[in-house]
There are 2 protein chains.
Amino acid sequence: MKELHNRILKDGHALSETVLKVDSFLNHQVDPNLMYEMGTYFKNYFKEHEITKIFTIESSGIAPAVMTAMQMNLPMVTLKKQSSKILNGDVYQTTVHSFTKAMDYELTLSKKYITAEDRILIIDDFLANGEAALGAARLVEEAGAQVAGIGIVIEKSFQPGRKVLEDKGYEVYSLARIAKLGEGLIEFVE
Amino acid sequence: MKELHNRILKDGHALSETVLKVDSFLNHQVDPNLMYEMGTYFKNYFKEHEITKIFTIESSGIAPAVMTAMQMNLPMVTLKKQSSKILNGDVYQTTVHSFTKAMDYELTLSKKYITAEDRILIIDDFLANGEAALGAARLVEEAGAQVAGIGIVIEKSFQPGRKVLEDKGYEVYSLARIAKLGEGLIEFVE
């Protein structure tokens with residue numbers, strides 16, 4: 001997505017070989033028009049995938065996911081990050097490890113908002129190790145539903161996330177794929 | 001907002017005299033078209049308020065806020081809920097008590113995304129005691145900027161939030177105002 005590449009080059013900050021800050025348009029301040037354009041890209045890519053619902057993970061995935069959901073005319077579900085297990089039968093939960101925050105959380109989905117007939121598009125802001133997307137996929141499959149695709153805003157292609165997801169059979173579409181980061185250096189996959 | 005009233009009556013669940021669950025279209029599953037319509041209402045109400053930026057609080061405020069920001073052609077900033085103080089000079093922070101979750105959190109704003117010239121519209125999903133909106137307003141004023149308005153999706157008008165905010169001089173506009181809740185009972189303010 002050319003507009004996103006340009007924006008990352010203009011406003012992104014590579015702080016190290018692994019950390020890319022995009023706080024000025026995606027993770028803290030949000031450019032709503034850019035989010036809408038991301039939604040258009042996701043819609044165009046996944047429009048033949050018979051998606052029934054869009055899932056995202058709170059909270060930086062919500063803005064691009066809701067813009068995609070609107071353009072695809074589908075409901076969106078925000079998977080919640082809980083700090084502890086909910087001990088009733090109303091939810092699906094799975095433990096996800098966040099390498100960024102060096103902590104675990106319980107990704108949570110109410111059973112009311114998925115059925116075995118659903119074909120889910122998972123949208124998230126970053127793909128690095130794939131832990132969050134894998135967690136979301138586990139919840140979908142626990143419900144007997146299908147992961148019809150995974151849409152990522154920024155993929156760190158030098159980290160294992162894409163391979164991990166593809167090895168499980170998931171189709172991954174990323175709007176920007178970063179080949180290399182370094183202090184002041186950002187290179188995209190050709 | 002008539003569409004929202006109808007949706008609350010159809011899909012909301014009053015669980016007690018204080019708890020209204022709207023998980024099926026706002027807080028967990030999200031109806032993106034309804035979020036867009038909310039944005040239209042907020043835009044129409046605040047269009048003469050010379051707003052420069054929209055602030056919201058993660059995470060259920062993000063969807064209506066980003067739809068409002070898009071229609072007003074303004075940036076949005078998501079105020080982050082941190083569990084602990086960040087000990088550097090790059091952020092504004094204030095402690096907010098959540099009555100719903102019976103816990104405190106540190107509402108956090110990077111100093112990069114506000115200036116003293118900003119006129120901020122704060123958008124949030126619920127107004128009950130007003131703690132979250134007051135916290136957001138404290139951050140805005142700590143930066144020397146102005147709170148130009150507060151937009152709420154669902155106001156529990158039987159709780160003190162609106163009065164608390166109005167006593168501070170803030171203008172509050174709510175898309176739905178609930179006068180009374182009870183098991184199976186939802187009444188709006190006339």
# chains A, B, ... in the order shown; residues from 1 in each chain; ligands from 1
$ interface_residues --of "chain B" --to "chain A" --cutoff "9 Å" --atoms "only C-alpha atoms" --output "number ranges by chain"
B: 24-25, 27-33, 35-36, 55, 58-60, 62-63, 66-71, 73-80, 109-110, 112-113
$ write_last_selection --atoms "N, CA and C atoms" --output "JSON list (two decimals), in the first residue's frame"
[["chain", "number", "residue", "atom", "x", "y", "z"],
["B", 24, "SER", "N", -23.42, -6.27, 22.11],
["B", 24, "SER", "CA", -23.70, -6.81, 20.78],
["B", 24, "SER", "C", -23.51, -5.79, 19.67],
["B", 25, "PHE", "N", -23.36, -4.49, 20.03],
["B", 25, "PHE", "CA", -23.15, -3.51, 18.95],
["B", 25, "PHE", "C", -22.15, -2.41, 19.30],
["B", 27, "ASN", "N", -19.62, -2.56, 22.67],
["B", 27, "ASN", "CA", -18.48, -2.82, 23.53],
["B", 27, "ASN", "C", -17.68, -4.08, 23.23],
["B", 28, "HIS", "N", -18.24, -4.99, 22.46],
["B", 28, "HIS", "CA", -17.48, -6.22, 22.16],
["B", 28, "HIS", "C", -17.67, -6.49, 20.66],
["B", 29, "GLN", "N", -18.91, -6.84, 20.27],
["B", 29, "GLN", "CA", -19.22, -6.78, 18.84],
["B", 29, "GLN", "C", -19.58, -5.33, 18.53],
["B", 30, "VAL", "N", -19.17, -4.87, 17.36],
["B", 30, "VAL", "CA", -19.34, -3.46, 16.99],
["B", 30, "VAL", "C", -20.04, -3.39, 15.64],
["B", 31, "ASP", "N", -21.08, -2.56, 15.56],
["B", 31, "ASP", "CA", -21.78, -2.33, 14.29],
["B", 31, "ASP", "C", -21.15, -1.10, 13.62],
["B", 32, "PRO", "N", -20.34, -1.30, 12.59],
["B", 32, "PRO", "CA", -19.59, -0.17, 12.02],
["B", 32, "PRO", "C", -20.48, 0.89, 11.39],
["B", 33, "ASN", "N", -21.62, 0.48, 10.84],
["B", 33, "ASN", "CA", -22.50, 1.48, 10.22],
["B", 33, "ASN", "C", -23.14, 2.37, 11.28],
["B", 35, "MET", "N", -21.69, 3.06, 14.11],
["B", 35, "MET", "CA", -20.58, 3.92, 14.55],
["B", 35, "MET", "C", -20.44, 5.12, 13.61],
["B", 36, "TYR", "N", -20.58, 4.85, 12.30],
["B", 36, "TYR", "CA", -20.49, 5.93, 11.33],
["B", 36, "TYR", "C", -21.60, 6.96, 11.56],
["B", 55, "PHE", "N", -10.06, 13.31, 21.04],
["B", 55, "PHE", "CA", -9.43, 12.38, 21.99],
["B", 55, "PHE", "C", -10.45, 11.32, 22.38],
["B", 58, "GLU", "N", -9.03, 4.38, 25.42],
["B", 58, "GLU", "CA", -9.11, 3.01, 24.94],
["B", 58, "GLU", "C", -10.01, 2.19, 25.86],
["B", 59, "SER", "N", -10.81, 1.21, 25.34],
["B", 59, "SER", "CA", -10.79, 0.91, 23.93],
["B", 59, "SER", "C", -12.17, 1.04, 23.28],
["B", 60, "SER", "N", -13.27, 1.08, 24.06],
["B", 60, "SER", "CA", -14.59, 1.09, 23.41],
["B", 60, "SER", "C", -14.96, 2.43, 22.79],
["B", 62, "ILE", "N", -12.94, 4.02, 20.77],
["B", 62, "ILE", "CA", -12.16, 4.19, 19.54],
["B", 62, "ILE", "C", -13.04, 4.16, 18.29],
["B", 63, "ALA", "N", -13.95, 3.19, 18.21],
["B", 63, "ALA", "CA", -14.74, 3.05, 16.98],
["B", 63, "ALA", "C", -15.61, 4.28, 16.70],
["B", 66, "VAL", "N", -13.15, 7.35, 15.89],
["B", 66, "VAL", "CA", -12.44, 7.38, 14.60],
["B", 66, "VAL", "C", -13.42, 7.71, 13.47],
["B", 67, "MET", "N", -14.68, 7.29, 13.62],
["B", 67, "MET", "CA", -15.69, 7.63, 12.61],
["B", 67, "MET", "C", -16.01, 9.12, 12.65],
["B", 68, "THR", "N", -16.02, 9.70, 13.85],
["B", 68, "THR", "CA", -16.23, 11.14, 13.98],
["B", 68, "THR", "C", -15.05, 11.90, 13.40],
["B", 69, "ALA", "N", -13.85, 11.45, 13.75],
["B", 69, "ALA", "CA", -12.63, 12.11, 13.28],
["B", 69, "ALA", "C", -12.57, 12.11, 11.76],
["B", 70, "MET", "N", -12.95, 11.00, 11.14],
["B", 70, "MET", "CA", -12.92, 10.94, 9.68],
["B", 70, "MET", "C", -13.89, 11.96, 9.09],
["B", 71, "GLN", "N", -15.09, 12.04, 9.63],
["B", 71, "GLN", "CA", -16.09, 12.94, 9.06],
["B", 71, "GLN", "C", -15.76, 14.41, 9.34],
["B", 73, "ASN", "N", -12.61, 15.32, 9.50],
["B", 73, "ASN", "CA", -11.29, 15.47, 8.89],
["B", 73, "ASN", "C", -10.24, 15.95, 9.91],
["B", 74, "LEU", "N", -10.23, 15.31, 11.06],
["B", 74, "LEU", "CA", -9.32, 15.66, 12.15],
["B", 74, "LEU", "C", -8.55, 14.43, 12.62],
["B", 75, "PRO", "N", -7.37, 14.64, 13.21],
["B", 75, "PRO", "CA", -6.69, 13.49, 13.83],
["B", 75, "PRO", "C", -7.41, 13.05, 15.10],
["B", 76, "MET", "N", -7.25, 11.79, 15.44],
["B", 76, "MET", "CA", -7.77, 11.26, 16.71],
["B", 76, "MET", "C", -6.59, 10.81, 17.54],
["B", 77, "VAL", "N", -6.71, 10.95, 18.84],
["B", 77, "VAL", "CA", -5.68, 10.42, 19.75],
["B", 77, "VAL", "C", -6.36, 9.49, 20.74],
["B", 78, "THR", "N", -5.82, 8.28, 20.87],
["B", 78, "THR", "CA", -6.32, 7.33, 21.86],
["B", 78, "THR", "C", -5.52, 7.48, 23.14],
["B", 79, "LEU", "N", -6.18, 7.94, 24.20],
["B", 79, "LEU", "CA", -5.51, 8.01, 25.51],
["B", 79, "LEU", "C", -5.36, 6.59, 26.03],
["B", 80, "LYS", "N", -4.16, 6.26, 26.46],
["B", 80, "LYS", "CA", -3.85, 4.88, 26.86],
["B", 80, "LYS", "C", -4.08, 4.69, 28.35],
["B", 109, "LEU", "N", -1.00, 10.35, 27.88],
["B", 109, "LEU", "CA", -0.99, 11.10, 26.62],
["B", 109, "LEU", "C", 0.43, 11.55, 26.33],
["B", 110, "SER", "N", 0.94, 11.22, 25.15],
["B", 110, "SER", "CA", 2.25, 11.71, 24.75],
["B", 110, "SER", "C", 2.19, 13.22, 24.53],
["B", 112, "LYS", "N", 3.75, 14.90, 22.58],
["B", 112, "LYS", "CA", 3.90, 15.23, 21.15],
["B", 112, "LYS", "C", 2.57, 15.52, 20.47],
["B", 113, "TYR", "N", 1.46, 14.99, 21.03],
["B", 113, "TYR", "CA", 0.21, 15.03, 20.28],
["B", 113, "TYR", "C", -0.80, 16.03, 20.82]]
$ calpha_fit_and_write --fixed "chain B" --moving "chain A" --output "CSV table (one decimal) with C-alpha atoms, in the first residue's frame"
chain,number,residue,atom,x,y,z
A,1,MET,CA,-30.2,9.8,18.2
A,2,LYS,CA,-33.2,7.7,17.2
A,3,GLU,CA,-31.3,4.9,15.6
A,4,LEU,CA,-29.3,4.4,18.8
A,5,HIS,CA,-32.4,4.5,21.0
A,6,ASN,CA,-34.0,1.8,18.9
A,7,ARG,CA,-30.9,-0.3,19.0
A,8,ILE,CA,-30.5,0.0,22.7
A,9,LEU,CA,-34.2,-1.1,23.2
A,10,LYS,CA,-33.7,-4.0,20.7
A,11,ASP,CA,-30.3,-5.3,21.7
A,12,GLY,CA,-29.3,-3.7,25.0
A,13,HIS,CA,-29.7,-5.7,28.2
A,14,ALA,CA,-30.5,-3.9,31.5
A,15,LEU,CA,-29.0,-6.3,34.0
A,16,SER,CA,-29.7,-4.2,37.1
A,17,GLU,CA,-30.6,-0.6,38.1
A,18,THR,CA,-27.1,0.5,37.1
A,19,VAL,CA,-25.7,-2.0,34.5
A,20,LEU,CA,-26.6,-1.8,30.8
A,21,LYS,CA,-24.9,-4.3,28.5
A,22,VAL,CA,-24.5,-3.2,24.9
A,23,ASP,CA,-21.9,-5.8,24.0
A,24,SER,CA,-23.7,-6.8,20.8
A,25,PHE,CA,-23.2,-3.5,19.0
A,26,LEU,CA,-20.8,-1.2,20.9
A,27,ASN,CA,-18.5,-2.8,23.5
A,28,HIS,CA,-17.5,-6.2,22.2
A,29,GLN,CA,-19.2,-6.8,18.8
A,30,VAL,CA,-19.3,-3.5,17.0
A,31,ASP,CA,-21.8,-2.3,14.3
A,32,PRO,CA,-19.6,-0.2,12.0
A,33,ASN,CA,-22.5,1.5,10.2
A,34,LEU,CA,-24.0,2.6,13.5
A,35,MET,CA,-20.6,3.9,14.6
A,36,TYR,CA,-20.5,5.9,11.3
A,37,GLU,CA,-23.9,7.4,12.1
A,38,MET,CA,-22.8,8.3,15.6
A,39,GLY,CA,-19.9,10.2,13.9
A,40,THR,CA,-22.4,12.1,11.8
A,41,TYR,CA,-24.3,13.2,14.9
A,42,PHE,CA,-21.2,14.3,16.7
A,43,LYS,CA,-19.9,16.1,13.7
A,44,ASN,CA,-23.2,18.0,13.2
A,45,TYR,CA,-23.4,19.0,16.9
A,46,PHE,CA,-19.8,20.1,17.2
A,47,LYS,CA,-19.1,21.5,13.8
A,48,GLU,CA,-19.0,25.1,14.9
A,49,HIS,CA,-16.9,24.4,18.0
A,50,GLU,CA,-13.5,24.9,16.2
A,51,ILE,CA,-12.3,21.5,17.2
A,52,THR,CA,-8.7,20.7,16.3
A,53,LYS,CA,-8.4,17.1,17.5
A,54,ILE,CA,-10.5,14.3,18.9
A,55,PHE,CA,-9.4,12.4,22.0
A,56,THR,CA,-10.9,9.1,23.2
A,57,ILE,CA,-10.1,6.6,25.9
A,58,GLU,CA,-9.1,3.0,24.9
A,59,SER,CA,-10.8,0.9,23.9
A,60,SER,CA,-14.6,1.1,23.4
A,61,GLY,CA,-14.5,4.8,22.5
A,62,ILE,CA,-12.2,4.2,19.5
A,63,ALA,CA,-14.8,3.1,17.0
A,64,PRO,CA,-17.2,6.0,17.4
A,65,ALA,CA,-14.3,8.4,17.8
A,66,VAL,CA,-12.5,7.4,14.6
A,67,MET,CA,-15.7,7.6,12.6
A,68,THR,CA,-16.2,11.1,14.0
A,69,ALA,CA,-12.6,12.1,13.3
A,70,MET,CA,-12.9,10.9,9.7
A,71,GLN,CA,-16.1,13.0,9.1
A,72,MET,CA,-14.6,16.0,10.7
A,73,ASN,CA,-11.3,15.5,8.9
A,74,LEU,CA,-9.3,15.7,12.2
A,75,PRO,CA,-6.7,13.5,13.8
A,76,MET,CA,-7.8,11.3,16.7
A,77,VAL,CA,-5.7,10.4,19.7
A,78,THR,CA,-6.3,7.3,21.9
A,79,LEU,CA,-5.5,8.0,25.5
A,80,LYS,CA,-3.8,4.9,26.9
A,81,LYS,CA,-4.7,3.1,30.1
A,82,GLN,CA,-1.4,2.2,31.7
A,83,SER,CA,-1.2,0.1,34.9
A,84,SER,CA,1.7,2.2,36.3
A,85,LYS,CA,3.4,5.6,36.1
A,86,ILE,CA,5.8,6.2,33.2
A,87,LEU,CA,8.8,8.0,34.8
A,88,ASN,CA,10.0,10.2,32.0
A,89,GLY,CA,9.0,13.7,30.9
A,90,ASP,CA,7.5,12.7,27.5
A,91,VAL,CA,3.9,12.1,28.7
A,92,TYR,CA,1.1,13.6,30.6
A,93,GLN,CA,-0.5,11.2,33.1
A,94,THR,CA,-3.4,11.3,35.5
A,95,THR,CA,-4.8,8.6,37.8
A,96,VAL,CA,-8.4,7.6,37.0
A,97,HIS,CA,-10.6,5.4,39.2
A,98,SER,CA,-12.8,3.0,37.3
A,99,PHE,CA,-16.0,2.2,39.4
A,100,THR,CA,-17.0,-0.5,36.9
A,101,LYS,CA,-13.7,-2.4,37.3
A,102,ALA,CA,-13.0,-1.2,40.9
A,103,MET,CA,-9.4,-0.3,40.0
A,104,ASP,CA,-7.2,2.7,39.2
A,105,TYR,CA,-5.3,3.2,36.0
A,106,GLU,CA,-2.9,5.9,34.6
A,107,LEU,CA,-4.5,7.7,31.7
A,108,THR,CA,-1.6,8.6,29.4
A,109,LEU,CA,-1.0,11.1,26.6
A,110,SER,CA,2.2,11.7,24.8
A,111,LYS,CA,3.2,15.4,24.9
A,112,LYS,CA,3.9,15.2,21.1
A,113,TYR,CA,0.2,15.0,20.3
A,114,ILE,CA,-1.2,18.2,21.9
A,115,THR,CA,-0.3,21.8,22.0
A,116,ALA,CA,-1.6,24.8,23.9
A,117,GLU,CA,-3.5,25.9,20.8
A,118,ASP,CA,-5.6,22.7,20.6
A,119,ARG,CA,-9.3,22.6,21.1
A,120,ILE,CA,-10.2,19.0,22.0
A,121,LEU,CA,-13.4,17.1,21.6
A,122,ILE,CA,-13.4,14.1,24.0
A,123,ILE,CA,-15.5,11.2,22.9
A,124,ASP,CA,-16.3,8.1,25.0
A,125,ASP,CA,-18.7,5.3,25.0
A,126,PHE,CA,-20.3,5.7,28.4
A,127,LEU,CA,-20.8,8.5,30.9
A,128,ALA,CA,-21.6,7.4,34.5
A,129,ASN,CA,-19.6,9.0,37.2
A,130,GLY,CA,-17.5,11.1,34.8
A,131,GLU,CA,-14.2,9.8,36.1
A,132,ALA,CA,-12.7,8.9,32.7
A,133,ALA,CA,-13.9,12.1,30.9
A,134,LEU,CA,-12.6,14.2,33.8
A,135,GLY,CA,-9.3,12.4,33.6
A,136,ALA,CA,-9.1,13.2,29.9
A,137,ALA,CA,-10.0,16.8,30.5
A,138,ARG,CA,-7.2,17.1,33.2
A,139,LEU,CA,-4.6,15.9,30.6
A,140,VAL,CA,-5.9,18.4,28.0
A,141,GLU,CA,-5.7,21.3,30.5
A,142,GLU,CA,-2.3,20.2,31.8
A,143,ALA,CA,-1.1,20.8,28.3
A,144,GLY,CA,-2.6,24.3,28.3
A,145,ALA,CA,-5.2,23.3,25.7
A,146,GLN,CA,-8.9,23.6,25.9
A,147,VAL,CA,-11.7,21.1,26.2
A,148,ALA,CA,-14.1,22.3,23.5
A,149,GLY,CA,-16.7,19.6,24.2
A,150,ILE,CA,-17.5,16.1,25.4
A,151,GLY,CA,-19.4,13.7,23.2
A,152,ILE,CA,-20.9,10.6,24.9
A,153,VAL,CA,-22.5,7.6,23.2
A,154,ILE,CA,-24.6,6.5,26.2
A,155,GLU,CA,-25.2,8.6,29.3
A,156,LYS,CA,-26.5,7.1,32.5
A,157,SER,CA,-28.4,10.3,33.4
A,158,PHE,CA,-29.3,8.9,36.9
A,159,GLN,CA,-25.6,8.9,37.8
A,160,PRO,CA,-23.7,12.1,38.5
A,161,GLY,CA,-21.3,12.3,35.5
A,162,ARG,CA,-23.1,15.0,33.5
A,163,LYS,CA,-23.5,17.3,36.5
A,164,VAL,CA,-19.8,16.8,37.5
A,165,LEU,CA,-18.7,17.7,34.0
A,166,GLU,CA,-21.1,20.6,33.6
A,167,ASP,CA,-20.1,22.0,37.0
A,168,LYS,CA,-16.5,22.2,35.6
A,169,GLY,CA,-17.8,24.2,32.6
A,170,TYR,CA,-17.7,21.5,30.0
A,171,GLU,CA,-20.4,21.1,27.3
A,172,VAL,CA,-21.7,17.5,27.2
A,173,TYR,CA,-23.6,16.1,24.3
A,174,SER,CA,-24.9,12.5,24.6
A,175,LEU,CA,-26.4,10.5,21.8
A,176,ALA,CA,-28.6,8.5,24.3
A,177,ARG,CA,-29.6,9.5,27.8
A,178,ILE,CA,-30.8,6.8,30.1
A,179,ALA,CA,-33.2,8.0,32.8
A,180,LYS,CA,-33.8,4.7,34.4
A,181,LEU,CA,-32.6,1.1,34.3
A,182,GLY,CA,-34.0,-2.0,36.0
A,183,GLU,CA,-34.1,-5.7,35.2
A,184,GLY,CA,-35.5,-5.7,31.7
A,185,LEU,CA,-36.4,-1.9,31.9
A,186,ILE,CA,-34.7,0.9,29.9
A,187,GLU,CA,-36.2,4.4,30.0
A,188,PHE,CA,-34.7,7.4,28.1
A,189,VAL,CA,-34.7,11.0,29.3
A,190,GLU,CA,-37.5,12.8,27.5
$ select_by_dssp --residues "chain B" --states "strand (DSSP E or B)" --output "ChimeraX atom specification"
/B:13-14,20-21,29-30,53-57,76-82,91-98,103-110,119-127,146-156,172-182,185-188
$ select_by_dssp --residues "region 62-120 of chain A" --states "alpha helix (DSSP H)" --output "PyMOL selection string"
chain A and resi 62-72
$ write_last_selection --atoms "C-alpha atoms" --output "short mmCIF file (atom, residue, chain, number, x, y, z; two decimals), in the first residue's frame"
data_model
loop_
_atom_site.label_atom_id
_atom_site.label_comp_id
_atom_site.auth_asym_id
_atom_site.auth_seq_id
_atom_site.Cartn_x
_atom_site.Cartn_y
_atom_site.Cartn_z
CA ILE A 62 -9.74 -1.37 16.18
CA ALA A 63 -9.44 1.68 13.91
CA PRO A 64 -8.35 -0.14 10.73
CA ALA A 65 -10.69 -3.06 11.52
CA VAL A 66 -13.81 -0.93 11.95
CA MET A 67 -13.05 0.91 8.70
CA THR A 68 -12.70 -2.45 6.93
CA ALA A 69 -15.88 -3.78 8.53
CA MET A 70 -17.83 -0.73 7.39
CA GLN A 71 -16.67 -1.06 3.79
CA MET A 72 -17.38 -4.80 3.78
#
$ decode --residues "region 144-162 of chain A" --atoms "N, CA, C and O atoms" --output "tab-separated table (two decimals), in the first residue's frame"
chain	number	residue	atom	x	y	z
A	144	GLY	N	-15.24	-23.74	16.34
A	144	GLY	CA	-15.59	-24.52	15.16
A	144	GLY	C	-15.71	-23.71	13.89
A	144	GLY	O	-16.13	-24.21	12.85
A	145	ALA	N	-15.34	-22.42	13.98
A	145	ALA	CA	-15.41	-21.53	12.81
A	145	ALA	C	-14.08	-21.58	12.04
A	145	ALA	O	-13.14	-22.25	12.46
A	146	GLN	N	-14.04	-20.84	10.92
A	146	GLN	CA	-12.85	-20.87	10.08
A	146	GLN	C	-12.15	-19.51	10.03
A	146	GLN	O	-12.81	-18.47	9.97
A	147	VAL	N	-10.82	-19.54	10.03
A	147	VAL	CA	-10.03	-18.33	9.77
A	147	VAL	C	-9.93	-18.20	8.25
A	147	VAL	O	-9.25	-18.99	7.59
A	148	ALA	N	-10.61	-17.21	7.70
A	148	ALA	CA	-10.64	-17.05	6.24
A	148	ALA	C	-9.50	-16.16	5.75
A	148	ALA	O	-9.27	-16.06	4.54
A	149	GLY	N	-8.80	-15.51	6.67
A	149	GLY	CA	-7.67	-14.67	6.28
A	149	GLY	C	-7.19	-13.85	7.45
A	149	GLY	O	-7.89	-13.69	8.46
A	150	ILE	N	-5.96	-13.37	7.32
A	150	ILE	CA	-5.36	-12.50	8.34
A	150	ILE	C	-4.83	-11.26	7.64
A	150	ILE	O	-4.01	-11.36	6.72
A	151	GLY	N	-5.34	-10.10	8.04
A	151	GLY	CA	-4.92	-8.83	7.45
A	151	GLY	C	-4.10	-8.04	8.46
A	151	GLY	O	-4.53	-7.82	9.58
A	152	ILE	N	-2.91	-7.64	8.04
A	152	ILE	CA	-1.96	-6.98	8.93
A	152	ILE	C	-1.63	-5.60	8.36
A	152	ILE	O	-1.43	-5.46	7.15
A	153	VAL	N	-1.55	-4.60	9.21
A	153	VAL	CA	-1.15	-3.28	8.73
A	153	VAL	C	0.35	-3.26	8.46
A	153	VAL	O	0.78	-2.98	7.35
A	154	ILE	N	1.16	-3.57	9.46
A	154	ILE	CA	2.62	-3.55	9.29
A	154	ILE	C	3.21	-4.88	9.72
A	154	ILE	O	3.09	-5.28	10.87
A	155	GLU	N	3.85	-5.54	8.77
A	155	GLU	CA	4.50	-6.82	9.04
A	155	GLU	C	6.00	-6.61	9.17
A	155	GLU	O	6.62	-6.01	8.29
A	156	LYS	N	6.58	-7.10	10.25
A	156	LYS	CA	8.04	-7.14	10.38
A	156	LYS	C	8.50	-8.45	9.77
A	156	LYS	O	8.52	-9.49	10.43
A	157	SER	N	8.85	-8.38	8.49
A	157	SER	CA	9.08	-9.60	7.74
A	157	SER	C	10.37	-10.30	8.16
A	157	SER	O	10.60	-11.45	7.79
A	158	PHE	N	11.19	-9.61	8.96
A	158	PHE	CA	12.43	-10.23	9.46
A	158	PHE	C	12.17	-11.01	10.75
A	158	PHE	O	13.09	-11.60	11.32
A	159	GLN	N	10.92	-11.01	11.21
A	159	GLN	CA	10.56	-11.81	12.37
A	159	GLN	C	9.67	-12.97	11.90
A	159	GLN	O	9.18	-12.97	10.78
A	160	PRO	N	9.49	-14.00	12.74
A	160	PRO	CA	8.92	-15.26	12.20
A	160	PRO	C	7.40	-15.30	12.02
A	160	PRO	O	6.88	-16.31	11.55
A	161	GLY	N	6.67	-14.22	12.37
A	161	GLY	CA	5.21	-14.27	12.38
A	161	GLY	C	4.57	-14.81	11.11
A	161	GLY	O	3.71	-15.71	11.17
A	162	ARG	N	4.95	-14.27	9.95
A	162	ARG	CA	4.31	-14.73	8.71
A	162	ARG	C	4.51	-16.23	8.50
A	162	ARG	O	3.55	-16.96	8.19
